[in-house]
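Working notes, beginning with the structure itself.
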Amino acid sequence: MSPTDTARTRLVSVVIPCFNAERFIGSAIQSVLQQDWPALEVIVVDDGSSDGSAELVRRMFPSVVLLQQANQGVAMARNHGIAQARGEWIAFLDADDYWLPGKLSAQMEALRAMPEARMAYAAWSVWESAAPGPDPRYVADLLQASADEARWRGPTGWIYSQLLLDCEVWTSTVLVQRTLLDEIGVFDPGLRIGEDYDLWLRAARVTPIIRVPRPLALYRQHPASITRSAPAQNYRALVVSRAIQRWGYTCEHGRSARRHDVGRALASSWSQHAAAHLAVGHTQVARAAVWRALRFDPRHRPAWKLLLKSFLPAVRPVAATDT
């Protein structure tokens, strides 16, 4: 048996959190089962769905491990799956996303080329669709476009400093060694948003994170996936600020992030937070967020524009009158 054959016997546990995703969960599971990786364990964690998600999985995919819990959020759902996983490697896929063919093999090949790395992710493509699965022609065109690696490049290696500027890692592409999660911990359930960003920052302190410069997954955008309410907290700023307080701007194995660049990124996050609250009429919250943005970057023009907009009278539609 060749070293490659031996490597392919390593069990990969794929954790899929699911909440009211009956329309999409079947397609997501199929995209995993169609991978050319022979040693697979698929775990669906139903997070208190009120639709037929769990029943569909139980009926159509008897080989899939189905775990059910009261609704506790995506972090707890993923952690539940990790706790039950038997694999040496753990991968994640959200219930409405989709893996492209060859995803796991490409990542394992990249990890074999850098044995010190314990985590890999990949490029992805945004997929605007409410259909259960992608059109085969769309997948074929994307696979053809994946040959242009320059188009799909991103941070790779010791990327802690780059992650301080933005969350470059998307969860549905991650493949991570189980022992790494044992070492650094799992998803923080105290973070309603950004629990994945927080985990990747922790991982980037102790391992290179390898990016495969090919689109290996589809990130679905559909009406049900769009957040329509303003978040109570700026979770992006919370996660980054917490990392800086704990570790600073430098990873001992990699480059140091420039404080000015991180400040500009945090200013942008506070402007986005302000814009979300201004859009729903939370003027005082928006102004407070604007001032936080300007403390990080006094020249941040979007913040000044939002501050001005917060003092303008709201434009209300004029009722039609008969003439």
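A note on labels: chains of the structure tokens are A, B, ... as shown, every chain counts residues from 1, and ligands are counted from 1 in their shown order.
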
With segment 172-196 of chain A as the partner and 9 Å as the cut-off, tabulate the residues of segment 39-151 of chain A that qualify, each row holding the nearest pair of atoms and their distance in Å to one decimal, using only C-alpha atoms, sorted by chain and rising number, as JSON lines.
{"residue": "A:Gln72", "atom": "CA", "partner": "A:Pro189", "partner_atom": "CA", "distance": 8.5}
{"residue": "A:Gly73", "atom": "CA", "partner": "A:Arg192", "partner_atom": "CA", "distance": 7.4}
{"residue": "A:Val74", "atom": "CA", "partner": "A:Pro189", "partner_atom": "CA", "distance": 8.1}
{"residue": "A:Ala75", "atom": "CA", "partner": "A:Pro189", "partner_atom": "CA", "distance": 5.1}
{"residue": "A:Met76", "atom": "CA", "partner": "A:Pro189", "partner_atom": "CA", "distance": 5.8}
{"residue": "A:Arg78", "atom": "CA", "partner": "A:Phe187", "partner_atom": "CA", "distance": 7.5}
{"residue": "A:Asn79", "atom": "CA", "partner": "A:Val186", "partner_atom": "CA", "distance": 6.4}
{"residue": "A:Ile82", "atom": "CA", "partner": "A:Val186", "partner_atom": "CA", "distance": 8.3}
{"residue": "A:Gly87", "atom": "CA", "partner": "A:Arg178", "partner_atom": "CA", "distance": 7.3}
{"residue": "A:Glu88", "atom": "CA", "partner": "A:Arg178", "partner_atom": "CA", "distance": 5.5}
{"residue": "A:Trp89", "atom": "CA", "partner": "A:Gln177", "partner_atom": "CA", "distance": 4.5}
{"residue": "A:Ile90", "atom": "CA", "partner": "A:Val176", "partner_atom": "CA", "distance": 5.3}
{"residue": "A:Ala91", "atom": "CA", "partner": "A:Leu175", "partner_atom": "CA", "distance": 4.4}
{"residue": "A:Phe92", "atom": "CA", "partner": "A:Ser172", "partner_atom": "CA", "distance": 5.1}
{"residue": "A:Leu93", "atom": "CA", "partner": "A:Ser172", "partner_atom": "CA", "distance": 4.2}
{"residue": "A:Asp94", "atom": "CA", "partner": "A:Ser172", "partner_atom": "CA", "distance": 6.0}
{"residue": "A:Asp97", "atom": "CA", "partner": "A:Ser172", "partner_atom": "CA", "distance": 7.3}
{"residue": "A:Tyr98", "atom": "CA", "partner": "A:Ser172", "partner_atom": "CA", "distance": 8.2}
{"residue": "A:Trp99", "atom": "CA", "partner": "A:Thr173", "partner_atom": "CA", "distance": 8.0}
{"residue": "A:Lys103", "atom": "CA", "partner": "A:Thr173", "partner_atom": "CA", "distance": 8.3}
{"residue": "A:Leu104", "atom": "CA", "partner": "A:Leu175", "partner_atom": "CA", "distance": 8.0}
{"residue": "A:Gln107", "atom": "CA", "partner": "A:Leu175", "partner_atom": "CA", "distance": 7.5}
{"residue": "A:Met108", "atom": "CA", "partner": "A:Leu175", "partner_atom": "CA", "distance": 8.6}
{"residue": "A:Arg118", "atom": "CA", "partner": "A:Gln177", "partner_atom": "CA", "distance": 5.4}
{"residue": "A:Met119", "atom": "CA", "partner": "A:Val176", "partner_atom": "CA", "distance": 4.3}
{"residue": "A:Ala120", "atom": "CA", "partner": "A:Leu175", "partner_atom": "CA", "distance": 5.3}
{"residue": "A:Tyr121", "atom": "CA", "partner": "A:Val174", "partner_atom": "CA", "distance": 4.5}
{"residue": "A:Ala122", "atom": "CA", "partner": "A:Thr173", "partner_atom": "CA", "distance": 5.6}
{"residue": "A:Ala123", "atom": "CA", "partner": "A:Thr173", "partner_atom": "CA", "distance": 7.6}
{"residue": "A:Trp124", "atom": "CA", "partner": "A:Thr173", "partner_atom": "CA", "distance": 7.6}

Requested in this report: Report as a ChimeraX atom specification: the residues of segment 165-251 of chain A with a DSSP assignment of strand (DSSP E), based on the backbone of this structure.
Outcome: /A:175-177,209-221

Shell around Arg214 of chain A at 7 Å using only C-alpha atoms, local window under 2 positions removed, as a PDB file with N, CA and C atoms, in the first residue's frame:
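The result, written out as around_20.pdb:
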ATOM      1  N   ALA A 122     -10.215  26.712   1.883  1.00  0.00           N
ATOM      2  CA  ALA A 122     -10.161  26.818   0.428  1.00  0.00           C
ATOM      3  C   ALA A 122     -10.897  28.067  -0.020  1.00  0.00           C
ATOM      4  N   ALA A 123     -10.697  28.388  -1.292  1.00  0.00           N
ATOM      5  CA  ALA A 123     -11.502  29.431  -1.912  1.00  0.00           C
ATOM      6  C   ALA A 123     -12.931  28.911  -2.075  1.00  0.00           C
ATOM      7  N   SER A 146     -11.695  27.144 -12.070  1.00  0.00           N
ATOM      8  CA  SER A 146     -10.794  26.933 -10.931  1.00  0.00           C
ATOM      9  C   SER A 146      -9.349  26.738 -11.362  1.00  0.00           C
ATOM     10  N   GLU A 149      -5.553  29.717 -10.822  1.00  0.00           N
ATOM     11  CA  GLU A 149      -5.278  29.792  -9.386  1.00  0.00           C
ATOM     12  C   GLU A 149      -5.035  31.215  -8.910  1.00  0.00           C
ATOM     13  N   TRP A 152      -7.924  32.857  -7.310  1.00  0.00           N
ATOM     14  CA  TRP A 152      -8.473  32.301  -6.077  1.00  0.00           C
ATOM     15  C   TRP A 152      -7.480  32.314  -4.921  1.00  0.00           C
ATOM     16  N   VAL A 212      -6.235  26.308  -0.159  1.00  0.00           N
ATOM     17  CA  VAL A 212      -6.213  25.716  -1.490  1.00  0.00           C
ATOM     18  C   VAL A 212      -6.798  26.753  -2.450  1.00  0.00           C
ATOM     19  N   LEU A 216     -13.772  25.342  -3.822  1.00  0.00           N
ATOM     20  CA  LEU A 216     -14.132  23.977  -3.452  1.00  0.00           C
ATOM     21  C   LEU A 216     -15.490  23.894  -2.766  1.00  0.00           C
TER      22      LEU A 216
END
